[in-house]
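K.L.:
My structure is in model-v3.pdb, and what it holds is PDB, C-alpha atoms and all ligand atoms:
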MODEL        1
ATOM      1  CA  MET A  10     -55.479  94.937 -24.022
ATOM      2  CA  PHE A  11     -52.802  95.229 -26.710
ATOM      3  CA  ASP A  12     -52.140  97.869 -29.330
ATOM      4  CA  LEU A  13     -50.883  95.688 -32.186
ATOM      5  CA  HIS A  14     -49.646  98.340 -34.623
ATOM      6  CA  THR A  15     -47.398 101.223 -33.520
ATOM      7  CA  HIS A  16     -44.486 103.163 -35.012
ATOM      8  CA  SER A  17     -41.347 104.668 -33.495
ATOM      9  CA  ALA A  18     -38.813 107.157 -34.843
ATOM     10  CA  VAL A  19     -36.885 104.163 -36.201
ATOM     11  CA  SER A  20     -39.342 104.619 -39.103
ATOM     12  CA  ASP A  21     -41.909 107.431 -39.318
ATOM     13  CA  GLY A  22     -43.175 107.716 -35.729
ATOM     14  CA  THR A  23     -41.978 110.550 -33.496
ATOM     15  CA  ASP A  24     -41.285 108.714 -30.186
ATOM     16  CA  THR A  25     -38.298 106.508 -29.430
ATOM     17  CA  PRO A  26     -39.125 102.797 -28.997
ATOM     18  CA  SER A  27     -38.712 103.084 -25.211
ATOM     19  CA  GLN A  28     -40.890 106.231 -25.016
ATOM     20  CA  LEU A  29     -43.683 104.299 -26.744
ATOM     21  CA  VAL A  30     -43.405 101.519 -24.178
ATOM     22  CA  GLU A  31     -43.361 104.043 -21.307
ATOM     23  CA  GLN A  32     -46.619 105.508 -22.631
ATOM     24  CA  ALA A  33     -48.113 102.031 -22.928
ATOM     25  CA  ALA A  34     -47.260 101.434 -19.262
ATOM     26  CA  GLN A  35     -48.811 104.776 -18.260
ATOM     27  CA  ILE A  36     -52.137 104.033 -19.963
ATOM     28  CA  GLY A  37     -52.191 100.459 -18.639
ATOM     29  CA  LEU A  38     -51.859  98.399 -21.829
ATOM     30  CA  THR A  39     -50.943  94.736 -21.361
ATOM     31  CA  GLY A  40     -48.663  95.152 -24.331
ATOM     32  CA  LEU A  41     -47.951  96.525 -27.765
ATOM     33  CA  ALA A  42     -46.394  95.428 -31.023
ATOM     34  CA  LEU A  43     -43.792  97.715 -32.538
ATOM     35  CA  CYS A  44     -44.428  97.585 -36.301
ATOM     36  CA  ASP A  45     -42.005 100.007 -37.882
ATOM     37  CA  HIS A  46     -42.055 100.214 -41.683
ATOM     38  CA  ASP A  47     -39.611  97.736 -43.265
ATOM     39  CA  ILE A  48     -37.203  97.689 -40.300
ATOM     40  CA  LEU A  49     -36.570  95.673 -37.119
ATOM     41  CA  ASP A  50     -34.079  98.037 -35.441
ATOM     42  CA  GLY A  51     -36.402  99.230 -32.644
ATOM     43  CA  LEU A  52     -37.291  95.795 -31.313
ATOM     44  CA  THR A  53     -34.397  95.263 -28.905
ATOM     45  CA  ASN A  54     -34.758  98.645 -27.185
ATOM     46  CA  SER A  55     -38.534  98.383 -26.939
ATOM     47  CA  GLN A  56     -38.373  94.844 -25.539
ATOM     48  CA  ASP A  57     -35.772  95.936 -22.958
ATOM     49  CA  ALA A  58     -38.083  98.786 -21.919
ATOM     50  CA  GLY A  59     -40.984  96.345 -21.834
ATOM     51  CA  ARG A  60     -39.191  94.026 -19.420
ATOM     52  CA  ARG A  61     -38.305  97.002 -17.212
ATOM     53  CA  LEU A  62     -41.851  98.375 -17.182
ATOM     54  CA  GLY A  63     -43.938  95.203 -17.225
ATOM     55  CA  VAL A  64     -45.304  95.752 -20.737
ATOM     56  CA  GLN A  65     -45.328  92.855 -23.201
ATOM     57  CA  VAL A  66     -43.595  94.004 -26.375
ATOM     58  CA  LEU A  67     -44.279  91.809 -29.407
ATOM     59  CA  ARG A  68     -41.907  91.542 -32.360
ATOM     60  CA  GLY A  69     -43.678  93.238 -35.256
ATOM     61  CA  ILE A  70     -43.120  94.850 -38.624
ATOM     62  CA  GLU A  71     -45.222  96.664 -41.223
ATOM     63  CA  LEU A  72     -44.028  95.405 -44.571
ATOM     64  CA  SER A  73     -44.527  97.436 -47.745
ATOM     65  CA  ALA A  74     -46.083  95.395 -50.543
ATOM     66  CA  THR A  75     -48.007  95.880 -53.744
ATOM     67  CA  PHE A  76     -51.292  94.452 -54.990
ATOM     68  CA  ASP A  77     -52.953  95.383 -58.262
ATOM     69  CA  GLY A  78     -50.596  98.359 -58.487
ATOM     70  CA  ALA A  79     -51.640  99.714 -55.072
ATOM     71  CA  ASP A  80     -49.393 100.400 -52.066
ATOM     72  CA  ILE A  81     -50.531  97.774 -49.509
ATOM     73  CA  HIS A  82     -49.208  97.100 -46.008
ATOM     74  CA  VAL A  83     -48.958  93.732 -44.285
ATOM     75  CA  LEU A  84     -48.178  93.339 -40.599
ATOM     76  CA  GLY A  85     -45.813  90.584 -39.526
ATOM     77  CA  TYR A  86     -45.686  89.278 -35.963
ATOM     78  CA  GLY A  87     -43.011  87.030 -34.478
ATOM     79  CA  MET A  88     -40.468  86.924 -37.312
ATOM     80  CA  ARG A  89     -37.025  85.549 -36.630
ATOM     81  CA  GLU A  90     -33.842  87.385 -37.769
ATOM     82  CA  ASP A  91     -34.159  85.441 -40.994
ATOM     83  CA  GLN A  92     -31.575  86.078 -43.704
ATOM     84  CA  ARG A  93     -34.018  86.267 -46.621
ATOM     85  CA  LEU A  94     -36.315  88.592 -44.738
ATOM     86  CA  LEU A  95     -33.418  90.827 -43.628
ATOM     87  CA  GLU A  96     -32.145  91.037 -47.207
ATOM     88  CA  HIS A  97     -35.610  91.944 -48.437
ATOM     89  CA  LEU A  98     -35.958  94.654 -45.774
ATOM     90  CA  ALA A  99     -32.580  96.123 -46.779
ATOM     91  CA  TRP A 100     -33.776  96.211 -50.401
ATOM     92  CA  LEU A 101     -37.031  97.944 -49.428
ATOM     93  CA  ARG A 102     -35.153 100.557 -47.402
ATOM     94  CA  GLU A 103     -32.743 101.190 -50.279
ATOM     95  CA  GLY A 104     -35.767 101.780 -52.524
ATOM     96  CA  ARG A 105     -37.135 104.190 -49.913
ATOM     97  CA  ARG A 106     -33.857 106.152 -49.874
ATOM     98  CA  ASN A 107     -33.540 106.250 -53.668
ATOM     99  CA  ARG A 108     -37.023 107.637 -54.144
ATOM    100  CA  ILE A 109     -36.480 110.663 -51.879
ATOM    101  CA  PRO A 110     -34.432 112.663 -54.446
ATOM    102  CA  LYS A 111     -37.096 111.909 -57.087
ATOM    103  CA  MET A 112     -39.831 113.313 -54.863
ATOM    104  CA  ILE A 113     -37.669 116.340 -54.020
ATOM    105  CA  GLU A 114     -37.148 116.942 -57.745
ATOM    106  CA  LYS A 115     -40.918 116.908 -58.272
ATOM    107  CA  LEU A 116     -41.393 119.326 -55.394
ATOM    108  CA  GLN A 117     -38.724 121.628 -56.826
ATOM    109  CA  GLU A 118     -40.521 121.574 -60.189
ATOM    110  CA  LEU A 119     -43.622 122.661 -58.272
ATOM    111  CA  GLY A 120     -41.669 125.573 -56.810
ATOM    112  CA  VAL A 121     -41.034 124.081 -53.374
ATOM    113  CA  GLU A 122     -37.497 124.701 -52.107
ATOM    114  CA  LEU A 123     -36.190 121.579 -50.374
ATOM    115  CA  SER A 124     -32.898 119.655 -50.335
ATOM    116  CA  ALA A 125     -32.096 116.006 -49.664
ATOM    117  CA  GLY A 126     -30.152 117.150 -46.587
ATOM    118  CA  ASP A 127     -33.301 118.811 -45.178
ATOM    119  CA  VAL A 128     -35.144 115.488 -45.422
ATOM    120  CA  VAL A 129     -32.353 113.242 -44.161
ATOM    121  CA  ALA A 130     -32.055 115.515 -41.098
ATOM    122  CA  GLN A 131     -35.637 114.556 -40.154
ATOM    123  CA  ALA A 132     -35.138 110.775 -40.345
ATOM    124  CA  LYS A 133     -33.940 109.534 -36.957
ATOM    125  CA  GLY A 134     -33.837 105.837 -37.886
ATOM    126  CA  GLY A 135     -33.019 103.632 -40.849
ATOM    127  CA  SER A 136     -36.367 103.682 -42.668
ATOM    128  CA  ILE A 137     -37.022 106.976 -44.468
ATOM    129  CA  GLY A 138     -40.341 107.941 -46.037
ATOM    130  CA  ARG A 139     -42.784 110.604 -47.066
ATOM    131  CA  PRO A 140     -43.482 111.693 -43.471
ATOM    132  CA  HIS A 141     -39.851 112.837 -43.232
ATOM    133  CA  ILE A 142     -40.304 114.967 -46.345
ATOM    134  CA  ALA A 143     -43.401 116.391 -44.651
ATOM    135  CA  ASP A 144     -41.426 117.035 -41.448
ATOM    136  CA  ALA A 145     -38.735 118.866 -43.457
ATOM    137  CA  LEU A 146     -41.443 121.070 -45.015
ATOM    138  CA  VAL A 147     -42.776 121.795 -41.513
ATOM    139  CA  ALA A 148     -39.263 122.601 -40.257
ATOM    140  CA  LYS A 149     -38.813 125.085 -43.111
ATOM    141  CA  GLY A 150     -42.176 126.710 -42.344
ATOM    142  CA  ILE A 151     -43.570 125.772 -45.770
ATOM    143  CA  VAL A 152     -46.514 123.860 -44.233
ATOM    144  CA  SER A 153     -47.848 123.871 -40.684
ATOM    145  CA  HIS A 154     -48.174 120.092 -40.160
ATOM    146  CA  ARG A 155     -47.561 116.706 -41.806
ATOM    147  CA  ASP A 156     -51.137 116.341 -43.037
ATOM    148  CA  GLU A 157     -50.929 119.581 -45.001
ATOM    149  CA  ALA A 158     -47.874 118.297 -46.905
ATOM    150  CA  PHE A 159     -49.778 115.104 -47.786
ATOM    151  CA  GLU A 160     -52.877 117.063 -48.812
ATOM    152  CA  ARG A 161     -50.913 119.388 -51.077
ATOM    153  CA  TRP A 162     -48.226 117.148 -52.579
ATOM    154  CA  LEU A 163     -47.410 113.779 -51.007
ATOM    155  CA  ALA A 164     -50.615 111.687 -50.962
ATOM    156  CA  ASN A 165     -50.743 108.676 -53.313
ATOM    157  CA  ASP A 166     -52.618 110.785 -55.863
ATOM    158  CA  GLY A 167     -50.591 113.923 -55.097
ATOM    159  CA  PRO A 168     -48.341 115.772 -57.580
ATOM    160  CA  ALA A 169     -45.016 114.885 -55.877
ATOM    161  CA  TYR A 170     -45.763 111.191 -55.235
ATOM    162  CA  VAL A 171     -43.301 108.572 -56.386
ATOM    163  CA  PRO A 172     -44.144 104.928 -55.605
ATOM    164  CA  LYS A 173     -41.515 102.890 -53.778
ATOM    165  CA  PRO A 174     -40.358  99.510 -55.036
ATOM    166  CA  ALA A 175     -42.048  96.548 -53.353
ATOM    167  CA  ILE A 176     -42.966  92.950 -54.139
ATOM    168  CA  GLU A 177     -46.388  91.351 -54.493
ATOM    169  CA  LEU A 178     -48.548  91.002 -51.391
ATOM    170  CA  GLY A 179     -48.805  87.200 -51.691
ATOM    171  CA  GLU A 180     -45.022  86.862 -51.954
ATOM    172  CA  SER A 181     -44.638  89.207 -48.966
ATOM    173  CA  ILE A 182     -46.928  86.976 -46.881
ATOM    174  CA  ASP A 183     -44.900  83.918 -47.932
ATOM    175  CA  LEU A 184     -41.677  85.688 -46.934
ATOM    176  CA  LEU A 185     -43.062  86.505 -43.473
ATOM    177  CA  HIS A 186     -44.191  82.902 -43.028
ATOM    178  CA  GLN A 187     -40.806  81.439 -43.911
ATOM    179  CA  ALA A 188     -39.324  83.760 -41.253
ATOM    180  CA  GLY A 189     -41.708  82.259 -38.687
ATOM    181  CA  ALA A 190     -44.107  85.225 -38.574
ATOM    182  CA  ALA A 191     -47.877  85.457 -38.665
ATOM    183  CA  ALA A 192     -49.174  87.769 -41.427
ATOM    184  CA  VAL A 193     -52.069  90.171 -40.863
ATOM    185  CA  ILE A 194     -53.399  92.582 -43.487
ATOM    186  CA  ALA A 195     -53.085  96.155 -42.184
ATOM    187  CA  HIS A 196     -55.989  98.624 -42.459
ATOM    188  CA  PRO A 197     -57.707  96.907 -45.411
ATOM    189  CA  ARG A 198     -60.404  99.584 -45.687
ATOM    190  CA  ILE A 199     -58.357 102.764 -45.778
ATOM    191  CA  ARG A 200     -58.388 104.828 -48.940
ATOM    192  CA  GLY A 201     -56.054 103.254 -51.460
ATOM    193  CA  ALA A 202     -56.574  99.716 -50.130
ATOM    194  CA  THR A 203     -60.319  99.406 -50.088
ATOM    195  CA  THR A 204     -60.846  99.152 -53.860
ATOM    196  CA  VAL A 205     -58.237  96.430 -54.384
ATOM    197  CA  LEU A 206     -58.589  94.407 -51.147
ATOM    198  CA  THR A 207     -62.137  93.197 -51.681
ATOM    199  CA  ASP A 208     -63.582  90.447 -49.482
ATOM    200  CA  GLU A 209     -62.910  88.011 -52.353
ATOM    201  CA  VAL A 210     -59.265  89.056 -52.552
ATOM    202  CA  LEU A 211     -58.846  88.646 -48.781
ATOM    203  CA  ALA A 212     -60.452  85.188 -49.014
ATOM    204  CA  GLY A 213     -58.031  84.326 -51.824
ATOM    205  CA  LEU A 214     -55.046  85.407 -49.696
ATOM    206  CA  VAL A 215     -56.231  83.100 -46.919
ATOM    207  CA  ALA A 216     -56.777  80.191 -49.321
ATOM    208  CA  GLU A 217     -53.622  80.621 -51.398
ATOM    209  CA  HIS A 218     -51.125  82.138 -48.966
ATOM    210  CA  GLY A 219     -52.422  81.201 -45.523
ATOM    211  CA  LEU A 220     -52.998  84.816 -44.451
ATOM    212  CA  ASP A 221     -53.406  84.670 -40.660
ATOM    213  CA  GLY A 222     -55.483  87.723 -39.813
ATOM    214  CA  ILE A 223     -57.194  90.972 -40.701
ATOM    215  CA  GLU A 224     -56.793  94.314 -38.904
ATOM    216  CA  ALA A 225     -60.528  94.867 -38.495
ATOM    217  CA  ASP A 226     -60.606  97.598 -35.842
ATOM    218  CA  TYR A 227     -58.736 100.688 -36.978
ATOM    219  CA  PRO A 228     -59.261 104.427 -36.353
ATOM    220  CA  SER A 229     -60.612 105.247 -39.800
ATOM    221  CA  HIS A 230     -62.740 102.079 -40.156
ATOM    222  CA  ASP A 231     -66.315 103.009 -39.219
ATOM    223  CA  GLN A 232     -68.492 100.707 -37.111
ATOM    224  CA  GLN A 233     -70.099  99.034 -40.129
ATOM    225  CA  VAL A 234     -66.714  98.338 -41.740
ATOM    226  CA  ARG A 235     -65.362  96.925 -38.476
ATOM    227  CA  GLU A 236     -68.349  94.600 -38.064
ATOM    228  CA  SER A 237     -68.153  93.348 -41.640
ATOM    229  CA  LEU A 238     -64.403  92.657 -41.295
ATOM    230  CA  HIS A 239     -64.963  90.775 -38.020
ATOM    231  CA  GLN A 240     -67.609  88.691 -39.772
ATOM    232  CA  LEU A 241     -65.293  88.033 -42.717
ATOM    233  CA  ALA A 242     -62.468  86.997 -40.372
ATOM    234  CA  ASP A 243     -64.864  84.597 -38.613
ATOM    235  CA  GLU A 244     -65.954  83.100 -41.940
ATOM    236  CA  LEU A 245     -62.358  82.710 -43.095
ATOM    237  CA  GLN A 246     -61.302  81.378 -39.677
ATOM    238  CA  VAL A 247     -58.518  83.942 -39.248
ATOM    239  CA  ILE A 248     -57.968  86.347 -36.371
ATOM    240  CA  ALA A 249     -59.363  89.901 -36.285
ATOM    241  CA  THR A 250     -57.069  92.459 -34.659
ATOM    242  CA  GLY A 251     -57.436  96.080 -33.605
ATOM    243  CA  SER A 252     -54.784  98.790 -33.434
ATOM    244  CA  SER A 253     -54.223 102.520 -33.381
ATOM    245  CA  ASP A 254     -51.346 102.763 -35.927
ATOM    246  CA  CYS A 255     -49.854 105.267 -33.476
ATOM    247  CA  HIS A 256     -47.118 107.501 -34.989
ATOM    248  CA  GLY A 257     -46.644 109.616 -31.848
ATOM    249  CA  ALA A 258     -47.203 113.256 -32.734
ATOM    250  CA  GLY A 259     -46.896 112.364 -36.426
ATOM    251  CA  LYS A 260     -50.478 111.298 -37.075
ATOM    252  CA  THR A 261     -53.561 112.812 -35.450
ATOM    253  CA  GLY A 262     -56.450 110.527 -34.514
ATOM    254  CA  HIS A 263     -54.123 107.575 -33.916
ATOM    255  CA  ASP A 264     -53.407 107.885 -30.177
ATOM    256  CA  LEU A 265     -51.666 104.926 -28.565
ATOM    257  CA  GLY A 266     -54.222 102.474 -27.173
ATOM    258  CA  SER A 267     -57.195 104.235 -28.808
ATOM    259  CA  VAL A 268     -57.989 100.987 -30.679
ATOM    260  CA  THR A 269     -56.943  97.667 -29.172
ATOM    261  CA  THR A 270     -56.933  93.874 -29.421
ATOM    262  CA  PRO A 271     -58.149  91.700 -26.509
ATOM    263  CA  ASP A 272     -55.598  89.518 -24.690
ATOM    264  CA  GLU A 273     -57.407  86.323 -25.871
ATOM    265  CA  VAL A 274     -56.782  87.232 -29.518
ATOM    266  CA  VAL A 275     -53.088  87.830 -28.770
ATOM    267  CA  GLU A 276     -53.065  84.336 -27.232
ATOM    268  CA  GLN A 277     -54.355  82.978 -30.563
ATOM    269  CA  LEU A 278     -51.723  85.015 -32.382
ATOM    270  CA  SER A 279     -49.105  83.525 -30.107
ATOM    271  CA  GLU A 280     -50.254  80.004 -31.013
ATOM    272  CA  ILE A 281     -50.086  80.814 -34.721
ATOM    273  CA  VAL A 282     -46.535  82.179 -34.362
ATOM    274  CA  GLU A 283     -45.528  79.090 -32.427
ATOM    275  CA  SER A 284     -46.937  76.867 -35.167
ATOM    276  CA  ARG A 285     -44.916  78.819 -37.768
ATOM    277  CA  GLY A 286     -41.694  78.531 -35.767
ATOM    278  CA  GLY A 287     -41.375  82.213 -34.893
ATOM    279  CA  ILE A 288     -40.601  84.256 -31.771
ATOM    280  CA  LEU A 289     -43.349  86.631 -30.696
ATOM    281  CA  ARG A 290     -42.001  88.046 -27.415
TER     282      ARG A 290
HETATM  283  P1  LIG B 301     -44.213 105.999 -47.376
HETATM  284  O1  LIG B 301     -43.978 104.799 -46.508
HETATM  285  O2  LIG B 301     -42.990 106.811 -47.598
HETATM  286  O3  LIG B 301     -44.917 105.681 -48.661
HETATM  287  O4  LIG B 301     -45.201 106.942 -46.551
HETATM  288  C1  LIG B 301     -46.390 106.375 -46.046
HETATM  289  C2  LIG B 301     -46.608 106.851 -44.630
HETATM  290  O5  LIG B 301     -47.034 108.190 -44.666
HETATM  291  C3  LIG B 301     -47.719 106.097 -43.913
HETATM  292  O6  LIG B 301     -47.191 105.042 -43.176
HETATM  293  C4  LIG B 301     -48.267 107.134 -42.998
HETATM  294  O7  LIG B 301     -47.493 107.197 -41.820
HETATM  295  C5  LIG B 301     -48.096 108.416 -43.755
HETATM  296  N1  LIG B 301     -49.254 108.827 -44.570
HETATM  297  C6  LIG B 301     -49.704 108.233 -45.685
HETATM  298  N2  LIG B 301     -50.741 108.921 -46.232
HETATM  299  C7  LIG B 301     -50.936 109.981 -45.426
HETATM  300  C8  LIG B 301     -51.849 111.059 -45.459
HETATM  301  N3  LIG B 301     -52.764 111.191 -46.443
HETATM  302  N4  LIG B 301     -51.781 111.969 -44.477
HETATM  303  C9  LIG B 301     -50.849 111.846 -43.485
HETATM  304  N5  LIG B 301     -49.954 110.833 -43.412
HETATM  305  C10 LIG B 301     -49.992 109.912 -44.373
HETATM  306 FE    FE B 302     -46.298 105.327 -41.240
HETATM  307 FE    FE B 303     -49.818 101.321 -42.933
HETATM  308 ZN    ZN B 304     -48.592 101.764 -39.739
ENDMDL
END
Translate this file's structure into C-alpha cells.
P.N.:
Amino acid sequence: MFDLHTHSAVSDGTDTPSQLVEQAAQIGLTGLALCDHDILDGLTNSQDAGRRLGVQVLRGIELSATFDGADIHVLGYGMREDQRLLEHLAWLREGRRNRIPKMIEKLQELGVELSAGDVVAQAKGGSIGRPHIADALVAKGIVSHRDEAFERWLANDGPAYVPKPAIELGESIDLLHQAGAAAVIAHPRIRGATTVLTDEVLAGLVAEHGLDGIEADYPSHDQQVRESLHQLADELQVIATGSSDCHGAGKTGHDLGSVTTPDEVVEQLSEIVESRGGILR
C-alpha cells in the first residue's frame, strides 16, 4: 500500500523528509509520495532515505490553485525539474512569504501580539504558510495547538485570513502535464472545495484538461463520499487514490498510512506518468 499525499517540514509538516520515510518503513508501507506545498526541496532526501530503507518514494507536489475564487489543491506526481514549473513554484512561494506580514497585521489589529520573526522561526523549509503562524502562536502560549489558531483566526473564513496568489486550476493542471506529471485533485470534498468542485466541474476538468485522477479516499471524506467519488472516477475513466495528508504532529486525524492507495493503482499512475514523459520514482 502507498500513502500518496504526505507533508514534511520543507512545507508545513513537522517531520523531516527522511523521518517520514523511516515511519513508512516501520508501518510497512510499500511507498509514499512526498507532496509538500509548492516546493520540491524534500524529494532528494526522501528518495535517498527510501533507497536505504526499501520504501518507494514517489516524486510529488501539492500545488496551490484557485477555482471560482476558492483555494483548491492539485497533486502532481512525477514532474521533471521543468523550468516553467520551477518558476511558477518560486512565484507561489514568494506570494506565500509576502502574505505573512499582512496576516500578522490583521492579528495585531485583533490584539494578538506576533512578529514576522516569530513566524519565520517556525518555518524549517522554503514554503511558509498559515500553519507556521499557528505554530508561532503555540510557541508564544497564545493558543494550545494549531487547530485552535485556525478556529479562532486563520481558517478561510477567519478574521486574519489573507488569500495567497495562485493561478486557475485548469492552468495548474496544464503546467503539471507539460512538466511530465500526472494531476490528481486533492481532497475534493473538504470544506471549501466541496461547493465549487461539483461532479460536473470534475468531469469538465477531465474533458478539457485531461485531469488524471481524484483523491477519493481521504480522512474527512465519509464512506458515502468515498463511494461516490470512486464511482465518478470509474465513469470518467481516471484513477481514484487514497491518502492521509499526513503533516506529522501538525494535523490530528491524518496519521501516516491511515488512508492508502493499492499498489495496482500506483502501477496505473506510473503508466500515466510514463505516457506524459515524467519521472515518478
Ligand atoms: P496555507 O497553505 O498557508 O493557505 O495554509 C493551508 C494549510 O493549513 C493546509 O495545507 C493545512 O495544512 C492547514 N489547514 C488549513 N485549514 C486548516 C484548519 N481548519 N485547521 C487546521 N489546519 C488547517
Ligand atoms: Fe498543509
Ligand atoms: Fe491540501
Ligand atoms: Zn496536503
K.L.:
Identify, counting all atoms listed in the file, the protein, DNA and RNA residues located within 8 Å of ligand ZN 304 (chain B), and give them as a ChimeraX atom specification.
P.N.:
/A:14-16,44-46,71,82,195,254-256
K.L.:
I'd like the neighbourhood of Ile137 in chain A as a PyMOL selection string, where a residue qualifies if any of its atoms comes within 8 Å (using all atoms listed in the file), though same-chain residues fewer than 3 positions away should be ignored.
P.N.:
chain A and resi 20-21+102+105-106+129+132+134+141
K.L.:
Take the residues that were just selected and, keeping C-alpha atoms, output them as a short mmCIF file (atom, residue, chain, number, x, y, z; two decimals), keeping the file's coordinate frame.
P.N.:
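New file again-v8.cif:
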data_model
loop_
_atom_site.label_atom_id
_atom_site.label_comp_id
_atom_site.auth_asym_id
_atom_site.auth_seq_id
_atom_site.Cartn_x
_atom_site.Cartn_y
_atom_site.Cartn_z
CA SER A 20 -39.34 104.62 -39.10
CA ASP A 21 -41.91 107.43 -39.32
CA ARG A 102 -35.15 100.56 -47.40
CA ARG A 105 -37.14 104.19 -49.91
CA ARG A 106 -33.86 106.15 -49.87
CA VAL A 129 -32.35 113.24 -44.16
CA ALA A 132 -35.14 110.78 -40.34
CA GLY A 134 -33.84 105.84 -37.89
CA HIS A 141 -39.85 112.84 -43.23
#
K.L.:
Please evaluate the PyMOL selection byres (((chain A and resi 84) around 12) and not hetatm) against the displayed coordinates and give the resulting residues as a ChimeraX atom specification.
P.N.:
/A:13-16,42-48,67-74,81-83,85-88,178,181-182,184-186,190-197,220-224,250-252,254
K.L.:
Once the PyMOL selection byres (((chain A and resi 270) around 9) and not hetatm) has been evaluated on this model, what residues remain selected, and can you format them as an MDAnalysis selection string?
P.N.:
chainID A and resid 10:13 226 249:252 268:269 271:275
K.L.:
Using all atoms listed in the file, which residues have at least one atom no more than 8 Å from ligand LIG 301 (chain B)? Output them as number ranges by chain.
P.N.:
A: 21-22, 46, 73, 80, 105, 137-140, 155-160, 163-165, 172-173, 256, 259-260
K.L.:
Pick out the closest residue to Thr75 in chain A from this set: A:Ile248, A:Gly201, A:Val282, A:Glu236. Count all atoms listed in the file.
P.N.:
A:Gly201
